[in-house]
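Reproduced below: entry-v1.csv, with CSV, C-alpha atoms.
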chain,number,residue,atom,x,y,z
H,1,MET,CA,-44.0,-113.4,34.3
H,2,GLU,CA,-41.9,-112.8,31.2
H,3,ARG,CA,-43.7,-111.9,28.0
H,4,HIS,CA,-42.2,-112.1,24.6
H,5,ASP,CA,-43.5,-111.5,21.0
H,6,VAL,CA,-42.4,-115.0,19.9
H,7,ILE,CA,-41.3,-118.2,21.8
H,8,VAL,CA,-39.4,-120.7,19.7
H,9,LEU,CA,-39.4,-124.3,20.9
H,10,GLY,CA,-36.1,-126.0,20.2
H,11,ALA,CA,-32.6,-124.8,19.5
H,12,GLY,CA,-31.9,-127.0,16.5
H,13,LEU,CA,-31.0,-125.5,13.2
H,14,ALA,CA,-34.6,-124.6,12.3
H,15,GLY,CA,-35.4,-123.1,15.6
H,16,LEU,CA,-32.2,-121.1,15.8
H,17,SER,CA,-32.5,-119.9,12.2
H,18,ALA,CA,-36.1,-118.7,12.8
H,19,ALA,CA,-35.1,-117.0,16.0
H,20,ARG,CA,-32.1,-115.4,14.3
H,21,ASP,CA,-34.3,-113.9,11.5
H,22,LEU,CA,-36.9,-112.7,14.0
H,23,ALA,CA,-34.3,-111.1,16.2
H,24,ALA,CA,-32.8,-109.4,13.2
H,25,ALA,CA,-36.2,-107.9,12.4
H,26,GLY,CA,-36.5,-106.5,15.9
H,27,THR,CA,-38.8,-109.1,17.3
H,28,ASP,CA,-38.6,-109.9,21.0
H,29,VAL,CA,-37.9,-113.6,20.7
H,30,VAL,CA,-36.8,-116.3,23.1
H,31,VAL,CA,-35.7,-119.9,22.4
H,32,LEU,CA,-36.5,-122.7,24.9
H,33,GLU,CA,-34.3,-125.7,24.5
H,34,ALA,CA,-34.8,-128.9,26.7
H,35,ARG,CA,-31.2,-130.0,26.3
H,36,ALA,CA,-28.2,-128.3,27.8
H,37,ARG,CA,-26.8,-127.5,24.4
H,38,ALA,CA,-27.8,-126.1,21.0
H,39,GLY,CA,-27.9,-128.0,17.8
H,40,GLY,CA,-30.5,-130.7,18.1
H,41,ARG,CA,-29.5,-133.4,15.7
H,42,VAL,CA,-26.2,-131.8,14.8
H,43,GLU,CA,-23.5,-132.3,17.4
H,44,GLN,CA,-19.8,-132.5,17.6
H,45,THR,CA,-17.0,-133.6,19.9
H,46,SER,CA,-13.2,-133.3,19.9
H,47,THR,CA,-10.5,-136.0,19.8
H,48,PRO,CA,-7.6,-135.8,22.3
H,49,ASP,CA,-5.5,-134.0,19.7
H,50,GLY,CA,-8.2,-131.3,19.1
H,51,ARG,CA,-9.8,-132.5,15.9
H,52,LEU,CA,-13.5,-132.0,15.6
H,53,VAL,CA,-15.7,-135.1,14.9
H,54,GLN,CA,-19.3,-134.5,13.7
H,55,LEU,CA,-21.9,-136.7,15.3
H,56,GLY,CA,-24.8,-136.0,12.8
H,57,GLY,CA,-26.0,-133.9,10.0
H,58,GLU,CA,-22.5,-133.4,8.6
H,59,ILE,CA,-23.0,-133.5,4.8
H,60,VAL,CA,-25.3,-131.5,2.4
H,61,GLY,CA,-25.8,-131.1,-1.3
H,62,THR,CA,-25.5,-128.1,-3.6
H,63,PHE,CA,-29.2,-128.0,-4.0
H,64,HIS,CA,-29.6,-127.2,-0.2
H,65,THR,CA,-29.6,-123.5,-1.2
H,66,ALA,CA,-31.0,-122.1,2.1
H,67,TYR,CA,-28.5,-123.9,4.2
H,68,ARG,CA,-25.6,-122.9,2.0
H,69,GLN,CA,-26.7,-119.3,2.1
H,70,LEU,CA,-26.9,-119.5,5.9
H,71,VAL,CA,-23.4,-120.9,6.1
H,72,GLY,CA,-22.1,-118.0,4.1
H,73,GLU,CA,-23.9,-115.5,6.2
H,74,LEU,CA,-22.3,-116.9,9.3
H,75,GLY,CA,-18.9,-116.6,7.8
H,76,LEU,CA,-18.3,-120.4,7.6
H,77,THR,CA,-16.8,-122.4,4.8
H,78,LEU,CA,-18.2,-125.1,2.5
H,79,VAL,CA,-15.7,-127.6,1.1
H,80,PRO,CA,-16.0,-130.8,-1.0
H,81,THR,CA,-16.7,-134.1,0.7
H,82,PHE,CA,-15.6,-137.7,0.0
H,83,VAL,CA,-17.3,-137.6,-3.4
H,84,ALA,CA,-14.4,-135.5,-4.7
H,85,SER,CA,-11.9,-138.2,-3.7
H,86,SER,CA,-10.5,-140.9,-5.8
H,87,GLY,CA,-10.8,-144.6,-5.0
H,88,GLU,CA,-13.5,-147.2,-4.8
H,89,THR,CA,-16.4,-147.6,-2.5
H,90,SER,CA,-16.4,-150.1,0.4
H,91,TRP,CA,-19.6,-152.0,1.1
H,92,LEU,CA,-20.2,-153.8,4.4
H,93,LEU,CA,-22.9,-156.5,4.0
H,94,GLY,CA,-23.2,-158.5,7.1
H,95,ARG,CA,-19.6,-159.5,7.9
H,96,GLN,CA,-18.5,-159.2,4.3
H,97,ILE,CA,-16.6,-156.2,2.9
H,98,ILE,CA,-16.9,-155.7,-0.8
H,99,ILE,CA,-14.9,-153.0,-2.6
H,100,GLY,CA,-16.0,-151.5,-5.9
H,101,ASP,CA,-18.3,-149.0,-7.4
H,102,GLU,CA,-21.7,-149.6,-9.2
H,103,LEU,CA,-23.1,-152.1,-6.7
H,104,PRO,CA,-20.4,-154.7,-7.0
H,105,TRP,CA,-22.2,-157.3,-4.9
H,106,MET,CA,-25.1,-157.6,-7.4
H,107,SER,CA,-25.1,-159.9,-10.4
H,108,ASP,CA,-24.9,-158.3,-13.8
H,109,ALA,CA,-28.6,-159.1,-14.4
H,110,ASP,CA,-29.7,-157.6,-11.1
H,111,ARG,CA,-27.5,-154.5,-11.8
H,112,ARG,CA,-29.2,-154.0,-15.1
H,113,LYS,CA,-32.6,-154.4,-13.4
H,114,TYR,CA,-31.6,-151.8,-10.8
H,115,GLU,CA,-30.4,-149.3,-13.5
H,116,ARG,CA,-33.7,-149.8,-15.4
H,117,LEU,CA,-35.8,-149.2,-12.3
H,118,GLU,CA,-33.7,-146.2,-11.3
H,119,LYS,CA,-34.3,-144.6,-14.7
H,120,GLN,CA,-38.0,-145.1,-14.3
H,121,PHE,CA,-37.9,-143.7,-10.8
H,122,SER,CA,-36.0,-140.6,-12.1
H,123,GLN,CA,-38.5,-140.0,-14.9
H,124,LEU,CA,-41.4,-140.3,-12.4
H,125,ALA,CA,-39.7,-138.0,-9.9
H,126,ALA,CA,-39.3,-135.4,-12.7
H,127,THR,CA,-43.1,-135.2,-12.9
H,128,VAL,CA,-43.4,-134.2,-9.2
H,129,ASP,CA,-43.2,-130.5,-8.2
H,130,PRO,CA,-41.1,-130.5,-5.0
H,131,ASP,CA,-42.8,-127.3,-3.9
H,132,ASN,CA,-46.3,-128.7,-4.5
H,133,PRO,CA,-46.2,-132.5,-4.8
H,134,TRP,CA,-50.0,-132.8,-4.2
H,135,ALA,CA,-50.6,-131.0,-7.5
H,136,HIS,CA,-49.5,-134.2,-9.3
H,137,PRO,CA,-52.6,-135.8,-10.9
H,138,ASP,CA,-51.8,-139.2,-9.3
H,139,ALA,CA,-50.7,-137.8,-5.9
H,140,ALA,CA,-53.1,-139.7,-3.8
H,141,GLN,CA,-52.3,-143.0,-5.5
H,142,LEU,CA,-48.5,-142.4,-5.3
H,143,ASP,CA,-48.8,-141.5,-1.6
H,144,ARG,CA,-50.7,-144.8,-0.8
H,145,LEU,CA,-48.0,-146.8,-2.5
H,146,SER,CA,-44.8,-147.6,-0.6
H,147,VAL,CA,-41.4,-147.4,-2.4
H,148,ALA,CA,-41.1,-151.2,-1.9
H,149,ASP,CA,-44.5,-151.9,-3.4
H,150,TRP,CA,-43.7,-149.7,-6.4
H,151,VAL,CA,-40.5,-151.7,-6.9
H,152,ARG,CA,-42.4,-154.9,-6.9
H,153,THR,CA,-45.1,-153.5,-9.2
H,154,VAL,CA,-42.5,-152.5,-11.9
H,155,GLY,CA,-40.6,-155.8,-11.7
H,156,GLY,CA,-37.9,-155.2,-9.1
H,157,GLY,CA,-36.5,-158.3,-7.5
H,158,PRO,CA,-35.0,-159.1,-4.1
H,159,ALA,CA,-31.6,-157.6,-5.0
H,160,VAL,CA,-33.1,-154.2,-5.8
H,161,LEU,CA,-35.3,-154.2,-2.7
H,162,ARG,CA,-32.3,-155.2,-0.6
H,163,GLN,CA,-30.1,-152.4,-2.0
H,164,LEU,CA,-32.8,-149.7,-1.4
H,165,GLU,CA,-33.4,-151.1,2.1
H,166,LEU,CA,-29.7,-150.9,2.8
H,167,SER,CA,-29.6,-147.3,1.6
H,168,ALA,CA,-32.5,-146.4,3.9
H,169,ARG,CA,-30.7,-148.0,6.9
H,170,ALA,CA,-27.5,-146.2,6.0
H,171,LEU,CA,-29.4,-142.9,6.0
H,172,SER,CA,-31.2,-143.7,9.2
H,173,VAL,CA,-34.6,-143.2,7.6
H,174,GLU,CA,-37.8,-145.2,7.5
H,175,SER,CA,-37.9,-148.6,5.8
H,176,ILE,CA,-38.9,-148.6,2.1
H,177,GLU,CA,-41.8,-150.8,3.1
H,178,ARG,CA,-43.2,-147.8,5.1
H,179,THR,CA,-42.0,-144.9,2.9
H,180,SER,CA,-44.6,-143.1,0.7
H,181,LEU,CA,-43.6,-143.2,-2.9
H,182,LEU,CA,-44.8,-139.7,-3.4
H,183,ALA,CA,-42.6,-138.5,-0.5
H,184,ASP,CA,-39.6,-140.2,-1.9
H,185,LEU,CA,-40.3,-138.8,-5.4
H,186,ARG,CA,-40.7,-135.3,-4.0
H,187,LYS,CA,-37.4,-135.6,-2.2
H,188,GLU,CA,-35.5,-136.8,-5.2
H,189,SER,CA,-37.2,-134.2,-7.4
H,190,ALA,CA,-35.8,-131.5,-5.2
H,191,ALA,CA,-32.3,-132.9,-5.7
H,192,GLY,CA,-32.7,-132.9,-9.5
H,193,ALA,CA,-34.4,-136.3,-10.1
H,194,GLU,CA,-31.2,-138.0,-10.8
H,195,GLY,CA,-32.1,-141.4,-9.4
H,196,PHE,CA,-32.8,-143.2,-6.1
H,197,TYR,CA,-30.1,-141.4,-4.2
H,198,ASN,CA,-27.2,-139.7,-5.8
H,199,TYR,CA,-24.2,-139.0,-3.6
H,200,GLU,CA,-22.9,-136.3,-5.9
H,201,ALA,CA,-26.2,-134.5,-5.4
H,202,TRP,CA,-26.9,-135.1,-1.8
H,203,GLU,CA,-23.5,-135.4,-0.1
H,204,ASN,CA,-21.0,-133.3,-2.0
H,205,GLU,CA,-20.4,-130.5,0.5
H,206,ARG,CA,-19.7,-130.1,4.2
H,207,VAL,CA,-18.9,-127.2,6.5
H,208,LEU,CA,-15.2,-127.1,7.1
H,209,GLU,CA,-15.5,-125.8,10.6
H,210,GLY,CA,-18.1,-128.5,11.5
H,211,SER,CA,-21.8,-128.7,10.8
H,212,ALA,CA,-22.6,-128.2,14.6
H,213,THR,CA,-20.6,-125.0,14.4
H,214,VAL,CA,-23.5,-123.6,12.3
H,215,ALA,CA,-25.9,-124.1,15.2
H,216,LEU,CA,-23.3,-123.0,17.8
H,217,THR,CA,-22.6,-119.8,15.9
H,218,MET,CA,-26.3,-118.8,15.7
H,219,ALA,CA,-26.8,-119.6,19.4
H,220,ALA,CA,-23.8,-117.4,20.2
H,221,GLN,CA,-25.3,-114.6,18.2
H,222,LEU,CA,-28.6,-115.0,20.0
H,223,GLY,CA,-26.9,-114.9,23.4
H,224,ASP,CA,-29.3,-115.0,26.4
H,225,ARG,CA,-32.3,-115.3,24.1
H,226,VAL,CA,-31.6,-119.0,24.1
H,227,ARG,CA,-32.7,-120.7,27.4
H,228,TYR,CA,-31.1,-124.2,27.9
H,229,SER,CA,-32.4,-127.0,30.1
H,230,SER,CA,-35.9,-125.6,29.6
H,231,PRO,CA,-38.3,-128.4,28.7
H,232,VAL,CA,-41.8,-127.4,27.7
H,233,SER,CA,-44.9,-129.4,28.7
H,234,GLU,CA,-48.6,-128.9,28.0
Show how you would write the structure in this file as structure tokens.
Amino acid sequence: MERHDVIVLGAGLAGLSAARDLAAAGTDVVVLEARARAGGRVEQTSTPDGRLVQLGGEIVGTFHTAYRQLVGELGLTLVPTFVASSGETSWLLGRQIIIGDELPWMSDADRRKYERLEKQFSQLAATVDPDNPWAHPDAAQLDRLSVADWVRTVGGGPAVLRQLELSARALSVESIERTSLLADLRKESAAGAEGFYNYEAWENERVLEGSATVALTMAAQLGDRVRYSSPVSE
């Protein structure tokens, strides 16, 4: 029977990064991955002409300092994303395509309401310590309240709720009806408390060589310490 100092379950970014640090410190570590590949939620494929296409986890923000440091250590390159490009945003609502910035499908009144609520949200997020959100004096109350319920409490109408729900779906995260307000405040506080979701903060950088290359590079460095097709059961 093999014995190791540490067994890491999963060859996603977190598992590979942990194993990489442990191996660098001289620890006997092995990574067990159920899939036949490394990367977890980051994956990439190639087009017939050789271009890489990312299938998840492609974009990061400047405030993702640990990830950015890791990319640099691996000798990979961060470059600007679509936020540095000119042109207007395209919105797909049902079967309708609307082009324009600043929520062009909203009425002027709904847009003003959205901006007012976003300012309130930003101010509230600034009171939450992202490293210790439970230190907030109203932490328990904020956690019991969903984002949607908070929007209703402060006078947000259907258009504001719709926009935030659309954002949640676009990000493939939980509905705002089931998202803790404290959790969302903590997340946005870490990004600088600039609003509900600011593309310039969250999505302004990407790895030129491909986000999945971050995982693949770490896996290559770990070599046979990574064991693929190795599901773990209790």
12 Å contact set for Asn132 (chain H), only C-alpha atoms, chain neighbours under 3 positions out, as a count of residues only:
14
Tell me, in Å to one decimal, how far CA of Val29 (chain H) is from CA of Gly15 (chain H).
11.1 Å
Find the residues near region 106-119 of chain H: any atom within 7 Å, counting only C-alpha atoms, skip ones fewer than 5 places away on the same chain, and give them as a list in words.
Gly156, Ala159, Val160, Gly195 and Phe196 of chain H
Could you work out how far CA of Trp134 (chain H) lies from CA of Ile176 (chain H), giving the answer in Å with one decimal?
20.3 Å
Shell of 7 Å around region 73-82 of chain H, only C-alpha atoms, local chain residues under 5 positions omitted, as a JSON list (two decimals) with C-alpha atoms, in the coordinates of the input:
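The result, written out as selection_4.json:
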[["chain", "number", "residue", "atom", "x", "y", "z"],
["H", 203, "GLU", "CA", -23.50, -135.40, -0.10],
["H", 204, "ASN", "CA", -21.00, -133.30, -2.00],
["H", 205, "GLU", "CA", -20.40, -130.50, 0.50],
["H", 206, "ARG", "CA", -19.70, -130.10, 4.20],
["H", 207, "VAL", "CA", -18.90, -127.20, 6.50],
["H", 208, "LEU", "CA", -15.20, -127.10, 7.10],
["H", 209, "GLU", "CA", -15.50, -125.80, 10.60]]
What is the CA of Arg225 (chain H)-CA of Tyr67 (chain H) distance in Å, reported with one decimal?
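Here the two named atoms are 22.0 Å from each other.
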